[in-house]
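One structure is given here, and the rest of the page talks about it.
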Amino acid sequence: MNDTLFIEPKALIEKLDKTNLKIFDATFYLPDSGLIAEDEYQKEHIPNSTFFDINKIADPDNTLPHMIPSKDLFSKMMQNLGLNNNDEIVIYDNSPFLSSARAWFLFRYFGQEKVSIMQGGLDNWRKCGGTVSNKVNKIKLGNYTANKERKELVVNLDQMIKVSKDKDKVILDARSKKRF
(Lines give C-alpha, C1' and ligand atoms only; values in the text may rest on other atoms or scores of the structure.)
Protein backbone atom coordinates (compact mmCIF):
# COMPACT_ATOMS: atom_id res chain seq x y z
CA MET A 1 0.00 0.00 0.00
CA ASN A 2 1.17 3.52 -0.77
CA ASP A 3 -0.10 6.21 1.59
CA THR A 4 1.97 8.94 -0.07
CA LEU A 5 0.16 11.18 -2.52
CA PHE A 6 3.34 12.64 -4.03
CA ILE A 7 6.67 11.20 -5.14
CA GLU A 8 9.70 13.36 -5.84
CA PRO A 9 11.39 12.98 -9.24
CA LYS A 10 14.66 11.76 -7.67
CA ALA A 11 12.75 9.00 -5.84
CA LEU A 12 11.10 8.01 -9.13
CA ILE A 13 14.48 7.96 -10.90
CA GLU A 14 15.64 5.41 -8.30
CA LYS A 15 12.59 3.22 -9.03
CA LEU A 16 12.81 3.21 -12.82
CA ASP A 17 14.25 -0.31 -12.99
CA LYS A 18 11.30 -1.83 -11.10
CA THR A 19 9.34 -4.20 -13.31
CA ASN A 20 6.01 -3.48 -11.63
CA LEU A 21 6.19 0.31 -12.06
CA LYS A 22 3.75 1.95 -14.47
CA ILE A 23 4.22 5.64 -15.28
CA PHE A 24 1.38 7.59 -16.88
CA ASP A 25 1.54 11.00 -18.54
CA ALA A 26 -1.89 12.52 -17.85
CA THR A 27 -1.29 15.85 -19.55
CA PHE A 28 -4.43 17.73 -20.60
CA TYR A 29 -4.92 21.02 -22.43
CA LEU A 30 -8.10 22.95 -23.11
CA PRO A 31 -9.25 22.78 -26.74
CA ASP A 32 -8.53 26.50 -27.32
CA SER A 33 -4.91 26.23 -26.10
CA GLY A 34 -3.48 25.30 -29.48
CA LEU A 35 -1.81 22.27 -27.89
CA ILE A 36 -2.77 18.62 -28.20
CA ALA A 37 -1.70 16.59 -25.17
CA GLU A 38 -0.96 13.37 -27.03
CA ASP A 39 1.16 15.23 -29.62
CA GLU A 40 3.14 16.86 -26.80
CA TYR A 41 3.58 13.44 -25.17
CA GLN A 42 4.96 12.03 -28.42
CA LYS A 43 7.51 14.85 -28.61
CA GLU A 44 8.87 14.21 -25.11
CA HIS A 45 7.93 12.22 -22.05
CA ILE A 46 9.47 10.22 -19.23
CA PRO A 47 11.00 7.08 -20.79
CA ASN A 48 8.68 4.07 -20.70
CA SER A 49 5.69 6.19 -19.67
CA THR A 50 2.29 5.71 -21.28
CA PHE A 51 -0.13 8.42 -22.32
CA PHE A 52 -3.28 8.53 -20.14
CA ASP A 53 -5.86 10.31 -22.30
CA ILE A 54 -8.26 12.07 -19.95
CA ASN A 55 -10.59 12.80 -22.87
CA LYS A 56 -10.94 9.11 -23.72
CA ILE A 57 -10.78 7.57 -20.24
CA ALA A 58 -14.33 8.63 -19.53
CA ASP A 59 -17.91 7.46 -19.92
CA PRO A 60 -18.51 7.42 -23.71
CA ASP A 61 -22.29 7.33 -23.22
CA ASN A 62 -22.46 10.56 -21.24
CA THR A 63 -22.93 13.81 -23.14
CA LEU A 64 -20.79 15.64 -20.56
CA PRO A 65 -17.00 15.42 -20.92
CA HIS A 66 -14.76 13.55 -18.50
CA MET A 67 -17.50 11.69 -16.63
CA ILE A 68 -16.30 8.63 -14.73
CA PRO A 69 -16.55 5.40 -16.75
CA SER A 70 -17.98 2.20 -15.35
CA LYS A 71 -15.71 -0.07 -13.33
CA ASP A 72 -15.62 -2.62 -16.16
CA LEU A 73 -14.82 -0.03 -18.81
CA PHE A 74 -12.10 1.57 -16.66
CA SER A 75 -10.58 -1.89 -16.10
CA LYS A 76 -10.57 -2.59 -19.84
CA MET A 77 -9.07 0.82 -20.63
CA MET A 78 -6.28 0.28 -18.09
CA GLN A 79 -5.60 -3.21 -19.41
CA ASN A 80 -5.22 -1.63 -22.88
CA LEU A 81 -2.65 0.74 -21.35
CA GLY A 82 -0.68 -2.26 -20.08
CA LEU A 83 -1.57 -1.92 -16.39
CA ASN A 84 -1.38 -5.00 -14.18
CA ASN A 85 -2.97 -5.57 -10.78
CA ASN A 86 0.37 -5.58 -8.94
CA ASP A 87 1.75 -2.42 -10.59
CA GLU A 88 2.73 0.66 -8.63
CA ILE A 89 1.41 3.70 -10.50
CA VAL A 90 3.08 7.09 -10.82
CA ILE A 91 1.27 9.84 -12.69
CA TYR A 92 2.68 13.13 -13.95
CA ASP A 93 1.64 15.86 -16.35
CA ASN A 94 3.05 18.72 -18.37
CA SER A 95 0.07 21.05 -18.29
CA PRO A 96 -1.09 24.10 -16.35
CA PHE A 97 -4.13 22.26 -14.96
CA LEU A 98 -2.29 19.69 -12.84
CA SER A 99 -4.32 17.10 -14.72
CA SER A 100 -2.36 14.30 -13.06
CA ALA A 101 -4.70 14.84 -10.10
CA ARG A 102 -7.65 13.81 -12.29
CA ALA A 103 -5.98 10.53 -13.22
CA TRP A 104 -4.96 9.98 -9.58
CA PHE A 105 -8.57 10.53 -8.50
CA LEU A 106 -9.87 7.98 -11.02
CA PHE A 107 -7.49 5.35 -9.70
CA ARG A 108 -8.43 6.11 -6.09
CA TYR A 109 -12.13 6.06 -7.03
CA PHE A 110 -11.67 2.54 -8.37
CA GLY A 111 -9.86 1.37 -5.24
CA GLN A 112 -6.24 1.55 -6.38
CA GLU A 113 -3.92 2.10 -3.40
CA LYS A 114 -0.48 2.13 -5.03
CA VAL A 115 -0.75 5.41 -6.93
CA SER A 116 1.25 8.65 -6.60
CA ILE A 117 1.65 11.93 -8.44
CA MET A 118 5.16 12.96 -9.37
CA GLN A 119 5.83 16.33 -7.77
CA GLY A 120 6.30 19.22 -10.20
CA GLY A 121 5.50 17.46 -13.46
CA LEU A 122 7.80 17.06 -16.43
CA ASP A 123 9.62 20.36 -15.81
CA ASN A 124 10.64 19.25 -12.31
CA TRP A 125 11.62 15.84 -13.69
CA ARG A 126 14.12 17.49 -16.06
CA LYS A 127 15.39 19.85 -13.32
CA CYS A 128 16.14 16.84 -11.13
CA GLY A 129 18.20 15.12 -13.82
CA GLY A 130 15.50 12.94 -15.35
CA THR A 131 15.83 12.18 -19.03
CA VAL A 132 13.07 12.47 -21.61
CA SER A 133 12.30 10.43 -24.69
CA ASN A 134 10.15 10.57 -27.79
CA LYS A 135 10.04 6.79 -28.09
CA VAL A 136 6.53 5.37 -27.69
CA ASN A 137 6.68 1.80 -26.47
CA LYS A 138 4.45 -0.96 -27.73
CA ILE A 139 1.90 -1.74 -25.04
CA LYS A 140 1.34 -5.30 -23.91
CA LEU A 141 -2.19 -6.01 -22.63
CA GLY A 142 -2.36 -5.89 -18.84
CA ASN A 143 -4.51 -7.81 -16.37
CA TYR A 144 -5.77 -4.89 -14.25
CA THR A 145 -9.21 -5.15 -12.68
CA ALA A 146 -10.69 -2.31 -10.65
CA ASN A 147 -11.58 -3.87 -7.31
CA LYS A 148 -14.29 -1.45 -6.18
CA GLU A 149 -16.02 1.84 -6.80
CA ARG A 150 -15.83 4.48 -4.10
CA LYS A 151 -19.07 6.21 -5.07
CA GLU A 152 -19.02 8.24 -1.87
CA LEU A 153 -16.26 10.36 -3.43
CA VAL A 154 -18.62 11.81 -6.04
CA VAL A 155 -21.83 13.79 -5.78
CA ASN A 156 -24.50 14.03 -8.45
CA LEU A 157 -26.26 17.21 -9.56
CA ASP A 158 -29.19 16.80 -7.15
CA GLN A 159 -26.81 16.31 -4.22
CA MET A 160 -24.82 19.38 -5.25
CA ILE A 161 -27.94 21.52 -5.50
CA LYS A 162 -28.97 20.39 -2.01
CA VAL A 163 -25.54 21.17 -0.55
CA SER A 164 -25.50 24.59 -2.26
CA LYS A 165 -28.64 25.56 -0.34
CA ASP A 166 -27.13 24.62 3.03
CA LYS A 167 -25.47 27.72 4.50
CA ASP A 168 -23.37 25.52 6.82
CA LYS A 169 -21.68 23.80 3.84
CA VAL A 170 -18.81 25.18 1.81
CA ILE A 171 -18.28 24.37 -1.85
CA LEU A 172 -14.82 24.95 -3.30
CA ASP A 173 -14.19 25.23 -7.03
CA ALA A 174 -10.54 24.66 -7.94
CA ARG A 175 -10.80 25.86 -11.52
CA SER A 176 -9.04 29.02 -12.66
CA LYS A 177 -11.07 32.23 -12.68
CA LYS A 178 -11.26 32.08 -16.49
CA ARG A 179 -12.70 28.55 -16.46
CA PHE A 180 -15.03 29.29 -13.52
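Each chain in the C-alpha coordinates gets a letter, A, B and so on, in the order shown; residues start at 1 in every chain, and ligands are counted from 1 in the order they appear.
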Counting only C-alpha atoms, what are the residues of segment 38-66 of chain A within 12 Å of segment 107-123 of chain A, and for each of them which pair of atoms is the nearest and at what distance in Å, to one decimal? Sort the table by chain and rising number, as a Markdown table.
```
| residue | atom | partner | partner_atom | distance |
| --- | --- | --- | --- | --- |
| A:Glu40 | CA | A:Leu122 | CA | 11.4 |
| A:Tyr41 | CA | A:Leu122 | CA | 10.4 |
| A:Glu44 | CA | A:Leu122 | CA | 9.2 |
| A:His45 | CA | A:Leu122 | CA | 7.4 |
| A:Ile46 | CA | A:Leu122 | CA | 7.6 |
| A:Pro47 | CA | A:Leu122 | CA | 11.3 |
| A:Ser49 | CA | A:Leu122 | CA | 11.5 |
| A:Phe52 | CA | A:Phe107 | CA | 11.7 |
| A:Ile57 | CA | A:Phe107 | CA | 11.3 |
```
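Those residues in segment 109-150 of chain A carrying a DSSP assignment of strand (DSSP E or B), computed from the backbone, are Val115, Ser116, Ile117, Met118 and Ser133 of chain A.
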Go ahead and write the residues just picked, N, CA, C and O atoms, as a CSV table (one decimal), in the first residue's frame.
```csv
chain,number,residue,atom,x,y,z
A,115,VAL,N,-0.8,4.4,-5.9
A,115,VAL,CA,-0.7,5.4,-6.9
A,115,VAL,C,-0.3,6.7,-6.3
A,115,VAL,O,-0.7,7.1,-5.3
A,116,SER,N,0.7,7.4,-7.0
A,116,SER,CA,1.3,8.6,-6.6
A,116,SER,C,1.3,9.6,-7.8
A,116,SER,O,1.3,9.2,-8.9
A,117,ILE,N,1.4,10.9,-7.4
A,117,ILE,CA,1.6,11.9,-8.4
A,117,ILE,C,3.1,12.4,-8.3
A,117,ILE,O,3.5,12.7,-7.2
A,118,MET,N,3.8,12.5,-9.4
A,118,MET,CA,5.2,13.0,-9.4
A,118,MET,C,5.1,14.5,-9.2
A,118,MET,O,4.5,15.2,-10.0
A,133,SER,N,12.2,11.2,-23.5
A,133,SER,CA,12.3,10.4,-24.7
A,133,SER,C,11.1,10.8,-25.6
A,133,SER,O,10.1,11.3,-25.1
```
- Task: Rank nothing, just name the residue among A:Asn20, A:Ser100, A:Ser164, A:Ser33 nearest to Asn86 of chain A, using only C-alpha atoms.
- Result: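 For Asn86 of chain A, the nearest of the given residues is A:Asn20.
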- Message: Nearest residue to Glu14 of chain A out of A:Cys128, A:Ile91, A:Leu106, A:Leu64, using only C-alpha atoms?
- Response: A:Cys128
- Task: Could you please determine the separation between atom CA of Asp39 of chain A and atom CA of His66 of chain A in Å, to one decimal place?
- Result: 19.5 Å
- Task: Considering only C-alpha atoms, return as a PyMOL selection string whatever protein or nucleic-acid residues lie within 12 Å of Lys18 of chain A, sequence-local ones (same chain, fewer than 2 positions apart) excluded.
- Result: chain A and resi 12-16+20-23+48+86-89
Restrict the selected residues to all heavy atoms and save them as a tab-separated table (two decimals), in the first residue's frame.
```tsv
chain	number	residue	atom	x	y	z
A	12	LEU	N	11.58	8.76	-7.97
A	12	LEU	CA	11.10	8.01	-9.13
A	12	LEU	C	12.28	7.53	-9.97
A	12	LEU	O	12.27	6.39	-10.46
A	12	LEU	CB	10.15	8.87	-9.97
A	12	LEU	CG	9.59	8.19	-11.23
A	12	LEU	CD1	8.88	6.88	-10.90
A	12	LEU	CD2	8.65	9.15	-11.97
A	13	ILE	N	13.29	8.37	-10.14
A	13	ILE	CA	14.48	7.96	-10.90
A	13	ILE	C	15.08	6.69	-10.30
A	13	ILE	O	15.47	5.77	-11.02
A	13	ILE	CB	15.52	9.10	-10.94
A	13	ILE	CG1	15.02	10.24	-11.84
A	13	ILE	CG2	16.88	8.60	-11.42
A	13	ILE	CD1	15.82	11.53	-11.75
A	14	GLU	N	15.10	6.60	-8.97
A	14	GLU	CA	15.64	5.41	-8.30
A	14	GLU	C	14.77	4.18	-8.50
A	14	GLU	O	15.26	3.05	-8.35
A	14	GLU	CB	15.79	5.70	-6.80
A	14	GLU	CG	16.85	6.74	-6.49
A	14	GLU	CD	16.88	7.15	-5.03
A	14	GLU	OE1	16.19	6.52	-4.20
A	14	GLU	OE2	17.59	8.12	-4.71
A	15	LYS	N	13.51	4.35	-8.85
A	15	LYS	CA	12.59	3.22	-9.03
A	15	LYS	C	12.44	2.76	-10.48
A	15	LYS	O	11.73	1.80	-10.75
A	15	LYS	CB	11.19	3.60	-8.54
A	15	LYS	CG	11.05	3.78	-7.07
A	15	LYS	CD	9.59	4.10	-6.74
A	15	LYS	CE	9.38	4.07	-5.26
A	15	LYS	NZ	8.01	3.72	-4.91
A	16	LEU	N	13.06	3.47	-11.41
A	16	LEU	CA	12.81	3.21	-12.82
A	16	LEU	C	13.08	1.77	-13.27
A	16	LEU	O	12.49	1.32	-14.25
A	16	LEU	CB	13.61	4.18	-13.70
A	16	LEU	CG	13.08	5.61	-13.72
A	16	LEU	CD1	13.99	6.48	-14.59
A	16	LEU	CD2	11.65	5.67	-14.20
A	20	ASN	N	7.44	-3.69	-11.87
A	20	ASN	CA	6.01	-3.48	-11.63
A	20	ASN	C	5.68	-1.99	-11.44
A	20	ASN	O	4.73	-1.65	-10.75
A	20	ASN	CB	5.54	-4.28	-10.42
A	20	ASN	CG	6.11	-3.77	-9.12
A	20	ASN	OD1	7.22	-3.25	-9.08
A	20	ASN	ND2	5.34	-3.88	-8.06
A	21	LEU	N	6.44	-1.13	-12.11
A	21	LEU	CA	6.19	0.31	-12.06
A	21	LEU	C	5.55	0.73	-13.37
A	21	LEU	O	6.05	0.43	-14.46
A	21	LEU	CB	7.51	1.07	-11.87
A	21	LEU	CG	7.42	2.59	-11.89
A	21	LEU	CD1	6.63	3.10	-10.68
A	21	LEU	CD2	8.81	3.20	-11.92
A	22	LYS	N	4.42	1.43	-13.29
A	22	LYS	CA	3.75	1.95	-14.47
A	22	LYS	C	3.67	3.47	-14.32
A	22	LYS	O	3.14	3.97	-13.33
A	22	LYS	CB	2.36	1.34	-14.60
A	22	LYS	CG	1.69	1.65	-15.89
A	22	LYS	CD	2.39	0.95	-17.03
A	22	LYS	CE	1.63	1.12	-18.32
A	22	LYS	NZ	2.31	0.55	-19.44
A	23	ILE	N	4.21	4.19	-15.30
A	23	ILE	CA	4.22	5.64	-15.28
A	23	ILE	C	3.26	6.14	-16.37
A	23	ILE	O	3.35	5.73	-17.52
A	23	ILE	CB	5.63	6.20	-15.53
A	23	ILE	CG1	6.62	5.63	-14.52
A	23	ILE	CG2	5.63	7.73	-15.50
A	23	ILE	CD1	8.07	5.93	-14.84
A	48	ASN	N	9.54	5.20	-21.04
A	48	ASN	CA	8.68	4.07	-20.70
A	48	ASN	C	7.34	4.48	-20.08
A	48	ASN	O	6.62	3.65	-19.55
A	48	ASN	CB	9.39	3.06	-19.79
A	48	ASN	CG	10.57	2.44	-20.49
A	48	ASN	OD1	10.48	2.07	-21.66
A	48	ASN	ND2	11.69	2.36	-19.81
A	86	ASN	N	-0.68	-5.78	-9.94
A	86	ASN	CA	0.37	-5.58	-8.94
A	86	ASN	C	1.27	-4.38	-9.23
A	86	ASN	O	2.25	-4.16	-8.55
A	86	ASN	CB	1.22	-6.84	-8.80
A	86	ASN	CG	2.02	-7.14	-10.06
A	86	ASN	OD1	1.66	-6.72	-11.16
A	86	ASN	ND2	3.09	-7.88	-9.90
A	87	ASP	N	0.92	-3.57	-10.23
A	87	ASP	CA	1.75	-2.42	-10.59
A	87	ASP	C	1.61	-1.28	-9.59
A	87	ASP	O	0.53	-1.00	-9.08
A	87	ASP	CB	1.37	-1.88	-11.97
A	87	ASP	CG	1.83	-2.79	-13.10
A	87	ASP	OD1	2.71	-3.64	-12.86
A	87	ASP	OD2	1.31	-2.62	-14.23
A	88	GLU	N	2.73	-0.61	-9.35
A	88	GLU	CA	2.73	0.66	-8.63
A	88	GLU	C	2.59	1.73	-9.71
A	88	GLU	O	3.28	1.69	-10.72
A	88	GLU	CB	4.03	0.84	-7.87
A	88	GLU	CG	4.13	2.16	-7.16
A	88	GLU	CD	5.44	2.35	-6.43
A	88	GLU	OE1	6.22	1.39	-6.29
A	88	GLU	OE2	5.69	3.49	-5.98
A	89	ILE	N	1.72	2.68	-9.48
A	89	ILE	CA	1.41	3.70	-10.50
A	89	ILE	C	1.96	5.06	-10.07
A	89	ILE	O	1.75	5.48	-8.94
A	89	ILE	CB	-0.11	3.80	-10.71
A	89	ILE	CG1	-0.68	2.44	-11.11
A	89	ILE	CG2	-0.44	4.87	-11.74
A	89	ILE	CD1	-2.20	2.36	-10.97
```
- Message: Would you pick out the contacts of Phe28 of chain A at 9 Å or less, using only C-alpha atoms, so that residues sharing its chain but fewer than 2 positions from it are not included, and give the list as a list of chain:residue names?
- Response: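 Counting only C-alpha atoms, the residues come to A:Ala26, A:Leu30, A:Leu35, A:Ile36, A:Ala37, A:Glu38, A:Asp53, A:Ile54, A:Asn55, A:Asp93, A:Asn94, A:Ser95, A:Pro96, A:Phe97, A:Leu98, A:Ser99, A:Ser100.
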Just to be explicit: take each residue in the selection above, keep N, CA, C and O atoms, and write the result as a PDB file, in the first residue's frame.
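The result, written out as part-v7.pdb:
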```pdb
ATOM      1  N   ALA A  26      -0.486  12.136 -17.812  1.00  0.00           N
ATOM      2  CA  ALA A  26      -1.894  12.517 -17.854  1.00  0.00           C
ATOM      3  C   ALA A  26      -2.072  13.983 -18.246  1.00  0.00           C
ATOM      4  O   ALA A  26      -2.986  14.664 -17.783  1.00  0.00           O
ATOM      5  N   LEU A  30      -6.789  22.530 -22.618  1.00  0.00           N
ATOM      6  CA  LEU A  30      -8.102  22.948 -23.107  1.00  0.00           C
ATOM      7  C   LEU A  30      -8.071  23.022 -24.629  1.00  0.00           C
ATOM      8  O   LEU A  30      -7.021  23.304 -25.227  1.00  0.00           O
ATOM      9  N   LEU A  35      -2.657  23.434 -28.171  1.00  0.00           N
ATOM     10  CA  LEU A  35      -1.813  22.269 -27.891  1.00  0.00           C
ATOM     11  C   LEU A  35      -2.679  21.014 -27.824  1.00  0.00           C
ATOM     12  O   LEU A  35      -3.818  21.055 -27.360  1.00  0.00           O
ATOM     13  N   ILE A  36      -2.108  19.924 -28.276  1.00  0.00           N
ATOM     14  CA  ILE A  36      -2.774  18.619 -28.198  1.00  0.00           C
ATOM     15  C   ILE A  36      -1.905  17.743 -27.306  1.00  0.00           C
ATOM     16  O   ILE A  36      -0.739  17.493 -27.609  1.00  0.00           O
ATOM     17  N   ALA A  37      -2.467  17.309 -26.202  1.00  0.00           N
ATOM     18  CA  ALA A  37      -1.698  16.594 -25.174  1.00  0.00           C
ATOM     19  C   ALA A  37      -0.966  15.375 -25.724  1.00  0.00           C
ATOM     20  O   ALA A  37       0.214  15.169 -25.420  1.00  0.00           O
ATOM     21  N   GLU A  38      -1.621  14.579 -26.524  1.00  0.00           N
ATOM     22  CA  GLU A  38      -0.956  13.372 -27.032  1.00  0.00           C
ATOM     23  C   GLU A  38       0.199  13.725 -27.966  1.00  0.00           C
ATOM     24  O   GLU A  38       1.235  13.061 -27.953  1.00  0.00           O
ATOM     25  N   ASP A  53      -5.032   9.313 -21.629  1.00  0.00           N
ATOM     26  CA  ASP A  53      -5.860  10.311 -22.303  1.00  0.00           C
ATOM     27  C   ASP A  53      -7.132  10.593 -21.507  1.00  0.00           C
ATOM     28  O   ASP A  53      -8.094   9.831 -21.544  1.00  0.00           O
ATOM     29  N   ILE A  54      -7.127  11.705 -20.787  1.00  0.00           N
ATOM     30  CA  ILE A  54      -8.262  12.075 -19.947  1.00  0.00           C
ATOM     31  C   ILE A  54      -9.541  12.231 -20.768  1.00  0.00           C
ATOM     32  O   ILE A  54     -10.639  11.952 -20.284  1.00  0.00           O
ATOM     33  N   ASN A  55      -9.405  12.658 -22.018  1.00  0.00           N
ATOM     34  CA  ASN A  55     -10.594  12.799 -22.865  1.00  0.00           C
ATOM     35  C   ASN A  55     -11.224  11.452 -23.200  1.00  0.00           C
ATOM     36  O   ASN A  55     -12.438  11.360 -23.355  1.00  0.00           O
ATOM     37  N   ASP A  93       2.187  15.125 -15.211  1.00  0.00           N
ATOM     38  CA  ASP A  93       1.637  15.861 -16.348  1.00  0.00           C
ATOM     39  C   ASP A  93       2.601  16.968 -16.747  1.00  0.00           C
ATOM     40  O   ASP A  93       3.605  17.200 -16.088  1.00  0.00           O
ATOM     41  N   ASN A  94       2.257  17.615 -17.833  1.00  0.00           N
ATOM     42  CA  ASN A  94       3.048  18.720 -18.367  1.00  0.00           C
ATOM     43  C   ASN A  94       2.087  19.827 -18.786  1.00  0.00           C
ATOM     44  O   ASN A  94       2.187  20.371 -19.874  1.00  0.00           O
ATOM     45  N   SER A  95       1.106  20.084 -17.929  1.00  0.00           N
ATOM     46  CA  SER A  95       0.069  21.048 -18.286  1.00  0.00           C
ATOM     47  C   SER A  95      -0.219  21.987 -17.120  1.00  0.00           C
ATOM     48  O   SER A  95       0.069  21.665 -15.976  1.00  0.00           O
ATOM     49  N   PRO A  96      -0.813  23.132 -17.418  1.00  0.00           N
ATOM     50  CA  PRO A  96      -1.086  24.102 -16.351  1.00  0.00           C
ATOM     51  C   PRO A  96      -2.242  23.699 -15.427  1.00  0.00           C
ATOM     52  O   PRO A  96      -2.477  24.349 -14.427  1.00  0.00           O
ATOM     53  N   PHE A  97      -2.946  22.638 -15.733  1.00  0.00           N
ATOM     54  CA  PHE A  97      -4.126  22.257 -14.964  1.00  0.00           C
ATOM     55  C   PHE A  97      -3.855  21.209 -13.896  1.00  0.00           C
ATOM     56  O   PHE A  97      -4.759  20.803 -13.192  1.00  0.00           O
ATOM     57  N   LEU A  98      -2.606  20.761 -13.786  1.00  0.00           N
ATOM     58  CA  LEU A  98      -2.285  19.691 -12.843  1.00  0.00           C
ATOM     59  C   LEU A  98      -3.230  18.511 -13.065  1.00  0.00           C
ATOM     60  O   LEU A  98      -3.818  17.969 -12.141  1.00  0.00           O
ATOM     61  N   SER A  99      -3.381  18.137 -14.325  1.00  0.00           N
ATOM     62  CA  SER A  99      -4.319  17.099 -14.718  1.00  0.00           C
ATOM     63  C   SER A  99      -3.946  15.725 -14.180  1.00  0.00           C
ATOM     64  O   SER A  99      -4.775  14.815 -14.183  1.00  0.00           O
ATOM     65  N   SER A 100      -2.728  15.576 -13.681  1.00  0.00           N
ATOM     66  CA  SER A 100      -2.362  14.300 -13.058  1.00  0.00           C
ATOM     67  C   SER A 100      -3.276  13.999 -11.875  1.00  0.00           C
ATOM     68  O   SER A 100      -3.544  12.834 -11.573  1.00  0.00           O
TER      69      SER A 100
END
```
- Nearest residue to Lys56 of chain A from the set A:Phe24, A:Phe74, A:Phe6, A:Tyr29 (distances using only C-alpha atoms): A:Phe74
- List every residue of segment 44-174 of chain A that DSSP, applied to the backbone, labels as alpha helix (DSSP H), and write the result as number ranges by chain. A: 71-80, 100-109, 121-127, 157-164
- Item | Nearest candidate to Thr19 of chain A (options A:Leu83, A:Asn143, A:Lys167, A:Asp72; using only C-alpha atoms) |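 Counting only C-alpha atoms, the residue closest to Thr19 of chain A is A:Leu83.
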- Which is closer to Lys151 of chain A than all the others in A:Pro9, A:Pro69, A:Gly82, A:Gly34, using only C-alpha atoms?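 That would be A:Pro69, the residue with the smallest distance to Lys151 of chain A.
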- Between A:Arg102, A:Asp173, A:Gly129, A:Tyr144, which is the closest to Ile68 of chain A once you count only C-alpha atoms?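 Nearest candidate to Ile68 of chain A out of A:Arg102, A:Asp173, A:Gly129, A:Tyr144: A:Arg102.
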- Message: If I take atom CA of Asn80 of chain A and atom CA of Leu141 of chain A, how far is one from the other in Å, to one decimal?
- Response: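 Rounded to one decimal, the two atoms are 5.3 Å apart.
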- Measure the distance from atom CA of Ala101 of chain A to atom CA of Lys140 of chain A in Å and round it to one decimal.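 Calculated distance between atom CA of Ala101 of chain A and atom CA of Lys140 of chain A is 25.2 Å.
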